[in-house]
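**Q** model-v9.cif is the file, holding mmCIF, N, CA and C atoms:
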data_start
#
loop_
_atom_site.label_atom_id
_atom_site.label_comp_id
_atom_site.auth_asym_id
_atom_site.auth_seq_id
_atom_site.Cartn_x
_atom_site.Cartn_y
_atom_site.Cartn_z
N MET L 157 -2.60 22.63 -38.37
CA MET L 157 -1.70 21.84 -37.54
C MET L 157 -2.10 21.93 -36.07
N ASN L 158 -2.46 23.13 -35.60
CA ASN L 158 -2.87 23.28 -34.20
C ASN L 158 -4.16 22.52 -33.90
N ILE L 159 -5.02 22.42 -34.92
CA ILE L 159 -6.28 21.71 -34.74
C ILE L 159 -6.01 20.22 -34.53
N VAL L 160 -5.07 19.67 -35.27
CA VAL L 160 -4.73 18.25 -35.14
C VAL L 160 -4.12 17.97 -33.77
N ILE L 161 -3.22 18.83 -33.35
CA ILE L 161 -2.59 18.65 -32.03
C ILE L 161 -3.63 18.77 -30.93
N GLY L 162 -4.53 19.75 -31.05
CA GLY L 162 -5.60 19.90 -30.06
C GLY L 162 -6.52 18.69 -30.03
N LEU L 163 -6.81 18.14 -31.18
CA LEU L 163 -7.66 16.95 -31.26
C LEU L 163 -6.97 15.74 -30.63
N LEU L 164 -5.68 15.58 -30.88
CA LEU L 164 -4.93 14.47 -30.28
C LEU L 164 -4.85 14.60 -28.75
N LYS L 165 -4.67 15.83 -28.26
CA LYS L 165 -4.65 16.05 -26.81
C LYS L 165 -6.01 15.72 -26.19
N LEU L 166 -7.08 16.08 -26.89
CA LEU L 166 -8.42 15.77 -26.39
C LEU L 166 -8.65 14.26 -26.34
N ILE L 167 -8.22 13.55 -27.37
CA ILE L 167 -8.36 12.09 -27.38
C ILE L 167 -7.55 11.46 -26.25
N LEU L 168 -6.33 11.97 -26.01
CA LEU L 168 -5.50 11.46 -24.92
C LEU L 168 -6.16 11.71 -23.56
N LYS L 169 -6.78 12.87 -23.40
CA LYS L 169 -7.48 13.17 -22.14
C LYS L 169 -8.67 12.24 -21.94
N ILE L 170 -9.39 11.96 -23.01
CA ILE L 170 -10.55 11.07 -22.91
C ILE L 170 -10.11 9.65 -22.57
N ILE L 171 -8.99 9.22 -23.13
CA ILE L 171 -8.48 7.87 -22.84
C ILE L 171 -7.92 7.78 -21.43
N ALA L 172 -7.26 8.84 -20.96
CA ALA L 172 -6.60 8.80 -19.65
C ALA L 172 -7.57 8.98 -18.49
N ALA L 173 -8.72 9.59 -18.72
CA ALA L 173 -9.67 9.85 -17.63
C ALA L 173 -10.13 8.58 -16.93
N PRO L 174 -10.55 7.54 -17.66
CA PRO L 174 -10.97 6.31 -16.94
C PRO L 174 -9.82 5.65 -16.18
N VAL L 175 -8.62 5.74 -16.72
CA VAL L 175 -7.46 5.15 -16.03
C VAL L 175 -7.24 5.85 -14.69
N VAL L 176 -7.32 7.17 -14.68
CA VAL L 176 -7.13 7.93 -13.44
C VAL L 176 -8.25 7.61 -12.45
N VAL L 177 -9.47 7.51 -12.93
CA VAL L 177 -10.60 7.20 -12.05
C VAL L 177 -10.44 5.80 -11.45
N VAL L 178 -10.06 4.82 -12.26
CA VAL L 178 -9.87 3.45 -11.76
C VAL L 178 -8.75 3.41 -10.74
N LEU L 179 -7.64 4.10 -11.01
CA LEU L 179 -6.55 4.13 -10.04
C LEU L 179 -6.97 4.79 -8.73
N THR L 180 -7.75 5.87 -8.82
CA THR L 180 -8.20 6.55 -7.61
C THR L 180 -9.09 5.65 -6.76
N VAL L 181 -10.05 5.01 -7.39
CA VAL L 181 -10.96 4.12 -6.65
C VAL L 181 -10.20 2.92 -6.07
N ALA L 182 -9.28 2.37 -6.84
CA ALA L 182 -8.49 1.23 -6.36
C ALA L 182 -7.63 1.63 -5.17
N ILE L 183 -7.05 2.81 -5.20
CA ILE L 183 -6.23 3.27 -4.08
C ILE L 183 -7.10 3.45 -2.84
N TRP L 184 -8.27 4.05 -2.99
CA TRP L 184 -9.16 4.22 -1.84
C TRP L 184 -9.55 2.88 -1.22
N MET L 185 -9.91 1.93 -2.07
CA MET L 185 -10.30 0.61 -1.56
C MET L 185 -9.13 -0.08 -0.87
N CYS L 186 -7.97 -0.02 -1.48
CA CYS L 186 -6.80 -0.69 -0.89
C CYS L 186 -6.38 -0.05 0.42
N VAL L 187 -6.48 1.26 0.52
CA VAL L 187 -6.15 1.93 1.79
C VAL L 187 -7.09 1.45 2.89
N GLY L 188 -8.36 1.34 2.59
CA GLY L 188 -9.31 0.84 3.58
C GLY L 188 -9.02 -0.59 3.99
N ILE L 189 -8.72 -1.43 3.01
CA ILE L 189 -8.41 -2.83 3.31
C ILE L 189 -7.14 -2.94 4.15
N VAL L 190 -6.12 -2.18 3.78
CA VAL L 190 -4.85 -2.24 4.53
C VAL L 190 -5.04 -1.69 5.94
N TYR L 191 -5.86 -0.65 6.09
CA TYR L 191 -6.11 -0.09 7.42
C TYR L 191 -6.79 -1.12 8.32
N VAL L 192 -7.83 -1.76 7.83
CA VAL L 192 -8.56 -2.76 8.64
C VAL L 192 -7.67 -3.97 8.92
N SER L 193 -6.96 -4.44 7.91
CA SER L 193 -6.09 -5.59 8.13
C SER L 193 -4.94 -5.23 9.06
N GLY L 194 -4.49 -3.97 9.03
CA GLY L 194 -3.45 -3.54 9.97
C GLY L 194 -3.93 -3.59 11.41
N LEU L 195 -5.19 -3.23 11.62
CA LEU L 195 -5.74 -3.32 12.98
C LEU L 195 -5.80 -4.78 13.45
N VAL L 196 -6.29 -5.64 12.59
CA VAL L 196 -6.40 -7.06 12.95
C VAL L 196 -5.01 -7.67 13.16
N LEU L 197 -4.10 -7.38 12.24
CA LEU L 197 -2.75 -7.92 12.37
C LEU L 197 -2.03 -7.34 13.58
N GLY L 198 -2.36 -6.11 13.97
CA GLY L 198 -1.78 -5.54 15.18
C GLY L 198 -2.19 -6.31 16.42
N LEU L 199 -3.45 -6.71 16.48
CA LEU L 199 -3.91 -7.50 17.62
C LEU L 199 -3.26 -8.89 17.62
N ILE L 200 -3.18 -9.51 16.45
CA ILE L 200 -2.52 -10.81 16.36
C ILE L 200 -1.04 -10.69 16.72
N SER L 201 -0.41 -9.60 16.30
CA SER L 201 1.00 -9.37 16.61
C SER L 201 1.23 -9.24 18.11
N MET L 202 0.28 -8.61 18.80
CA MET L 202 0.42 -8.46 20.24
C MET L 202 0.38 -9.82 20.94
N VAL L 203 -0.52 -10.68 20.49
CA VAL L 203 -0.62 -12.02 21.08
C VAL L 203 0.66 -12.82 20.80
N ILE L 204 1.16 -12.74 19.57
CA ILE L 204 2.37 -13.47 19.22
C ILE L 204 3.58 -12.91 19.97
N THR L 205 3.59 -11.61 20.23
CA THR L 205 4.69 -11.02 20.99
C THR L 205 4.72 -11.56 22.42
N VAL L 206 3.56 -11.60 23.05
CA VAL L 206 3.51 -12.14 24.42
C VAL L 206 3.93 -13.60 24.42
N LEU L 207 3.45 -14.36 23.46
CA LEU L 207 3.84 -15.77 23.34
C LEU L 207 5.34 -15.89 23.07
N GLY L 208 5.88 -15.04 22.21
CA GLY L 208 7.30 -15.08 21.89
C GLY L 208 8.17 -14.78 23.09
N VAL L 209 7.78 -13.80 23.90
CA VAL L 209 8.55 -13.49 25.11
C VAL L 209 8.48 -14.65 26.09
N ALA L 210 7.30 -15.25 26.22
CA ALA L 210 7.16 -16.39 27.13
C ALA L 210 8.02 -17.56 26.67
N VAL L 211 8.03 -17.84 25.37
CA VAL L 211 8.84 -18.93 24.84
C VAL L 211 10.32 -18.59 24.97
N LEU L 212 10.66 -17.34 24.76
CA LEU L 212 12.05 -16.90 24.87
C LEU L 212 12.60 -17.11 26.27
N ILE L 213 11.77 -16.83 27.27
CA ILE L 213 12.22 -16.95 28.66
C ILE L 213 12.19 -18.40 29.14
N THR L 214 11.15 -19.14 28.79
CA THR L 214 10.97 -20.45 29.41
C THR L 214 11.47 -21.63 28.59
N TYR L 215 11.33 -21.60 27.27
CA TYR L 215 11.56 -22.82 26.50
C TYR L 215 12.82 -22.75 25.66
N SER L 216 12.80 -21.95 24.61
CA SER L 216 13.90 -21.96 23.65
C SER L 216 14.13 -20.54 23.13
N PRO L 217 15.33 -20.02 23.32
CA PRO L 217 15.61 -18.67 22.81
C PRO L 217 15.47 -18.57 21.29
N GLN L 218 15.84 -19.61 20.58
CA GLN L 218 15.75 -19.58 19.12
C GLN L 218 14.29 -19.47 18.67
N ASN L 219 13.42 -20.27 19.24
CA ASN L 219 12.00 -20.22 18.89
C ASN L 219 11.35 -18.91 19.33
N GLY L 220 11.79 -18.40 20.48
CA GLY L 220 11.27 -17.12 20.95
C GLY L 220 11.63 -15.98 20.02
N ILE L 221 12.86 -15.99 19.51
CA ILE L 221 13.29 -14.94 18.57
C ILE L 221 12.52 -15.07 17.26
N ILE L 222 12.29 -16.29 16.81
CA ILE L 222 11.51 -16.49 15.58
C ILE L 222 10.10 -15.93 15.75
N LEU L 223 9.48 -16.20 16.89
CA LEU L 223 8.14 -15.66 17.14
C LEU L 223 8.15 -14.14 17.21
N LEU L 224 9.19 -13.56 17.80
CA LEU L 224 9.26 -12.10 17.88
C LEU L 224 9.46 -11.47 16.49
N VAL L 225 10.21 -12.12 15.63
CA VAL L 225 10.37 -11.62 14.26
C VAL L 225 9.05 -11.69 13.51
N ILE L 226 8.32 -12.80 13.67
CA ILE L 226 7.00 -12.92 13.04
C ILE L 226 6.06 -11.84 13.58
N ALA L 227 6.11 -11.59 14.88
CA ALA L 227 5.27 -10.55 15.47
C ALA L 227 5.62 -9.18 14.90
N PHE L 228 6.90 -8.92 14.68
CA PHE L 228 7.29 -7.63 14.09
C PHE L 228 6.76 -7.50 12.67
N LEU L 229 6.84 -8.58 11.89
CA LEU L 229 6.33 -8.51 10.52
C LEU L 229 4.83 -8.27 10.48
N LEU L 230 4.10 -8.80 11.44
CA LEU L 230 2.65 -8.61 11.48
C LEU L 230 2.25 -7.28 12.11
N SER L 231 3.17 -6.64 12.82
CA SER L 231 2.86 -5.38 13.48
C SER L 231 2.67 -4.27 12.46
N PRO L 232 2.14 -3.12 12.88
CA PRO L 232 1.96 -2.01 11.93
C PRO L 232 3.27 -1.50 11.32
N PHE L 233 4.41 -1.89 11.85
CA PHE L 233 5.70 -1.46 11.28
C PHE L 233 6.23 -2.44 10.25
N GLY L 234 5.57 -3.57 10.05
CA GLY L 234 6.05 -4.59 9.13
C GLY L 234 5.33 -4.56 7.80
N LEU L 235 4.53 -5.59 7.57
CA LEU L 235 3.85 -5.74 6.28
C LEU L 235 2.85 -4.63 5.96
N PRO L 236 2.05 -4.14 6.93
CA PRO L 236 1.16 -3.02 6.59
C PRO L 236 1.91 -1.77 6.15
N GLN L 237 3.08 -1.52 6.73
CA GLN L 237 3.88 -0.37 6.31
C GLN L 237 4.36 -0.55 4.87
N LEU L 238 4.75 -1.76 4.52
CA LEU L 238 5.15 -2.06 3.14
C LEU L 238 3.98 -1.87 2.18
N ALA L 239 2.80 -2.28 2.60
CA ALA L 239 1.61 -2.11 1.75
C ALA L 239 1.30 -0.63 1.53
N PHE L 240 1.43 0.18 2.57
CA PHE L 240 1.19 1.62 2.41
C PHE L 240 2.26 2.25 1.52
N TRP L 241 3.49 1.77 1.59
CA TRP L 241 4.54 2.27 0.72
C TRP L 241 4.21 1.96 -0.75
N LEU L 242 3.76 0.72 -0.99
CA LEU L 242 3.39 0.35 -2.36
C LEU L 242 2.20 1.17 -2.86
N LEU L 243 1.23 1.42 -1.98
CA LEU L 243 0.09 2.25 -2.37
C LEU L 243 0.54 3.68 -2.69
N GLY L 244 1.53 4.16 -1.97
CA GLY L 244 2.09 5.48 -2.27
C GLY L 244 2.72 5.52 -3.65
N LYS L 245 3.38 4.44 -4.04
CA LYS L 245 3.98 4.39 -5.38
C LYS L 245 2.91 4.35 -6.47
N VAL L 246 1.82 3.64 -6.22
CA VAL L 246 0.71 3.62 -7.19
C VAL L 246 0.08 5.01 -7.28
N GLN L 247 -0.04 5.68 -6.16
CA GLN L 247 -0.60 7.03 -6.17
C GLN L 247 0.35 7.99 -6.90
N ASP L 248 1.66 7.82 -6.74
CA ASP L 248 2.61 8.63 -7.51
C ASP L 248 2.42 8.42 -9.01
N LEU L 249 2.19 7.16 -9.41
CA LEU L 249 1.94 6.86 -10.82
C LEU L 249 0.69 7.59 -11.32
N LYS L 250 -0.35 7.60 -10.50
CA LYS L 250 -1.58 8.30 -10.87
C LYS L 250 -1.31 9.80 -11.05
N PHE L 251 -0.54 10.38 -10.15
CA PHE L 251 -0.23 11.81 -10.27
C PHE L 251 0.64 12.11 -11.49
N VAL L 252 1.56 11.21 -11.82
CA VAL L 252 2.38 11.38 -13.02
C VAL L 252 1.50 11.39 -14.27
N ILE L 253 0.56 10.45 -14.33
CA ILE L 253 -0.36 10.40 -15.47
C ILE L 253 -1.18 11.68 -15.55
N GLN L 254 -1.67 12.15 -14.41
CA GLN L 254 -2.46 13.38 -14.40
C GLN L 254 -1.63 14.57 -14.85
N ASP L 255 -0.40 14.66 -14.37
CA ASP L 255 0.45 15.81 -14.74
C ASP L 255 0.80 15.78 -16.22
N LEU L 256 1.08 14.60 -16.75
CA LEU L 256 1.46 14.52 -18.17
C LEU L 256 0.29 14.83 -19.09
N VAL L 257 -0.88 14.33 -18.73
CA VAL L 257 -2.03 14.47 -19.63
C VAL L 257 -2.75 15.81 -19.44
N TYR L 258 -2.99 16.16 -18.19
CA TYR L 258 -3.83 17.33 -17.94
C TYR L 258 -3.02 18.60 -17.65
N GLY L 259 -1.72 18.49 -17.61
CA GLY L 259 -0.86 19.65 -17.48
C GLY L 259 -0.80 20.14 -16.11
#
Spit out the file's structure as structure tokens when you get a sec.

**A**
Amino acid sequence: MNIVIGLLKLILKIIAAPVVVVLTVAIWMCVGIVYVSGLVLGLISMVITVLGVAVLITYSPQNGIILLVIAFLLSPFGLPQLAFWLLGKVQDLKFVIQDLVYG
């Protein structure tokens, strides 16, 4: 009986290893992509913020507020932060798989 259980655990480890490797590589790639896109979006956000303040003061408060909200979403506190949160959840899933399979 112990031999069968040991064999099943070995098969589960062999099946789970590629999944863990794929998740690890995907997380690394996504972190790099989100980091670079966060830098680019931060620069775009700065330009939209200046434009939003100018529109807010000179033209239309409603349009200025809309531009400022868009600038916030593009800033490192908006969409890139959400992407890092999602990557953290994927990494938690990887750790759960590792803990369950490899003990």

**Q** For Ile183 (chain L), find every residue with an atom within 9 Å (counting only C-alpha atoms), except residues of its own chain fewer than 5 positions away, and show them as a list of chain:residue names.

**A**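 Listing them by chain and then by number gives L:Val178, L:Gly188, L:Leu243, L:Gly244, L:Val246, L:Gln247.
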
**Q** By how many Å are atom N of Met185 (chain L) and atom C of Val225 (chain L) apart?

**A**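 According to the coordinates, atom N of Met185 (chain L) and atom C of Val225 (chain L) are separated by 28.1 Å.
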
**Q** For a quick check of understanding, using all atoms listed in the file, which of L:Ser201, L:Gly259, L:Val160, L:Leu168 has the smallest distance to Ile226 (chain L)?

**A** L:Ser201

**Q** Which is closer to Pro232 (chain L) than all the others in L:Val209, L:Leu197, L:Tyr258, L:Leu166, using only N, CA and C atoms?

**A**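 Under the stated criterion, the closest residue is L:Leu197.
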
**Q** Can you turn the PyMOL selection byres (((chain L and resi 172-177 and name CA) around 12) and name CA) into a concrete residue list for this file, as a PyMOL selection string?

**A** chain L and resi 165-171+178-184+246-258

**Q** Starting from the displayed file, determine the output of the PyMOL selection byres (((chain L and resi 229 and name CA) around 12) and name CA) and express the residue list as a CSV table (one decimal) with N, CA and C atoms, in the frame of the given file.

**A**
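Contents of part-v9.csv, freshly written:
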chain,number,residue,atom,x,y,z
L,194,GLY,N,-4.5,-4.0,9.0
L,194,GLY,CA,-3.4,-3.5,10.0
L,194,GLY,C,-3.9,-3.6,11.4
L,197,LEU,N,-4.1,-7.4,12.2
L,197,LEU,CA,-2.8,-7.9,12.4
L,197,LEU,C,-2.0,-7.3,13.6
L,198,GLY,N,-2.4,-6.1,14.0
L,198,GLY,CA,-1.8,-5.5,15.2
L,198,GLY,C,-2.2,-6.3,16.4
L,200,ILE,N,-3.2,-9.5,16.4
L,200,ILE,CA,-2.5,-10.8,16.4
L,200,ILE,C,-1.0,-10.7,16.7
L,201,SER,N,-0.4,-9.6,16.3
L,201,SER,CA,1.0,-9.4,16.6
L,201,SER,C,1.2,-9.2,18.1
L,202,MET,N,0.3,-8.6,18.8
L,202,MET,CA,0.4,-8.5,20.2
L,202,MET,C,0.4,-9.8,20.9
L,204,ILE,N,1.2,-12.7,19.6
L,204,ILE,CA,2.4,-13.5,19.2
L,204,ILE,C,3.6,-12.9,20.0
L,205,THR,N,3.6,-11.6,20.2
L,205,THR,CA,4.7,-11.0,21.0
L,205,THR,C,4.7,-11.6,22.4
L,222,ILE,N,12.3,-16.3,16.8
L,222,ILE,CA,11.5,-16.5,15.6
L,222,ILE,C,10.1,-15.9,15.8
L,223,LEU,N,9.5,-16.2,16.9
L,223,LEU,CA,8.1,-15.7,17.1
L,223,LEU,C,8.2,-14.1,17.2
L,224,LEU,N,9.2,-13.6,17.8
L,224,LEU,CA,9.3,-12.1,17.9
L,224,LEU,C,9.5,-11.5,16.5
L,225,VAL,N,10.2,-12.1,15.6
L,225,VAL,CA,10.4,-11.6,14.3
L,225,VAL,C,9.0,-11.7,13.5
L,226,ILE,N,8.3,-12.8,13.7
L,226,ILE,CA,7.0,-12.9,13.0
L,226,ILE,C,6.1,-11.8,13.6
L,227,ALA,N,6.1,-11.6,14.9
L,227,ALA,CA,5.3,-10.6,15.5
L,227,ALA,C,5.6,-9.2,14.9
L,228,PHE,N,6.9,-8.9,14.7
L,228,PHE,CA,7.3,-7.6,14.1
L,228,PHE,C,6.8,-7.5,12.7
L,230,LEU,N,4.1,-8.8,11.4
L,230,LEU,CA,2.6,-8.6,11.5
L,230,LEU,C,2.2,-7.3,12.1
L,231,SER,N,3.2,-6.6,12.8
L,231,SER,CA,2.9,-5.4,13.5
L,231,SER,C,2.7,-4.3,12.5
L,232,PRO,N,2.1,-3.1,12.9
L,232,PRO,CA,2.0,-2.0,11.9
L,232,PRO,C,3.3,-1.5,11.3
L,233,PHE,N,4.4,-1.9,11.8
L,233,PHE,CA,5.7,-1.5,11.3
L,233,PHE,C,6.2,-2.4,10.2
L,234,GLY,N,5.6,-3.6,10.0
L,234,GLY,CA,6.0,-4.6,9.1
L,234,GLY,C,5.3,-4.6,7.8
L,235,LEU,N,4.5,-5.6,7.6
L,235,LEU,CA,3.8,-5.7,6.3
L,235,LEU,C,2.8,-4.6,6.0
L,236,PRO,N,2.0,-4.1,6.9
L,236,PRO,CA,1.2,-3.0,6.6
L,236,PRO,C,1.9,-1.8,6.2
L,237,GLN,N,3.1,-1.5,6.7
L,237,GLN,CA,3.9,-0.4,6.3
L,237,GLN,C,4.4,-0.6,4.9
L,238,LEU,N,4.8,-1.8,4.5
L,238,LEU,CA,5.2,-2.1,3.1
L,238,LEU,C,4.0,-1.9,2.2
L,239,ALA,N,2.8,-2.3,2.6
L,239,ALA,CA,1.6,-2.1,1.8
L,239,ALA,C,1.3,-0.6,1.5

**Q** Could you put an axis-aligned box around every listed atom of region 175-193 of chain L, padded by 3 Å on each side, and send me its centre and edge lengths in Å to one decimal, as AutoDock Vina command-line options?

**A**
--center_x -7.9 --center_y 1.2 --center_z -3.8 --size_x 12.1 --size_y 19.5 --size_z 31.8

**Q** Quick one: pull the distance between CA of Ser193 (chain L) and CA of Pro217 (chain L), Å, one decimal.

**A** 29.3 Å
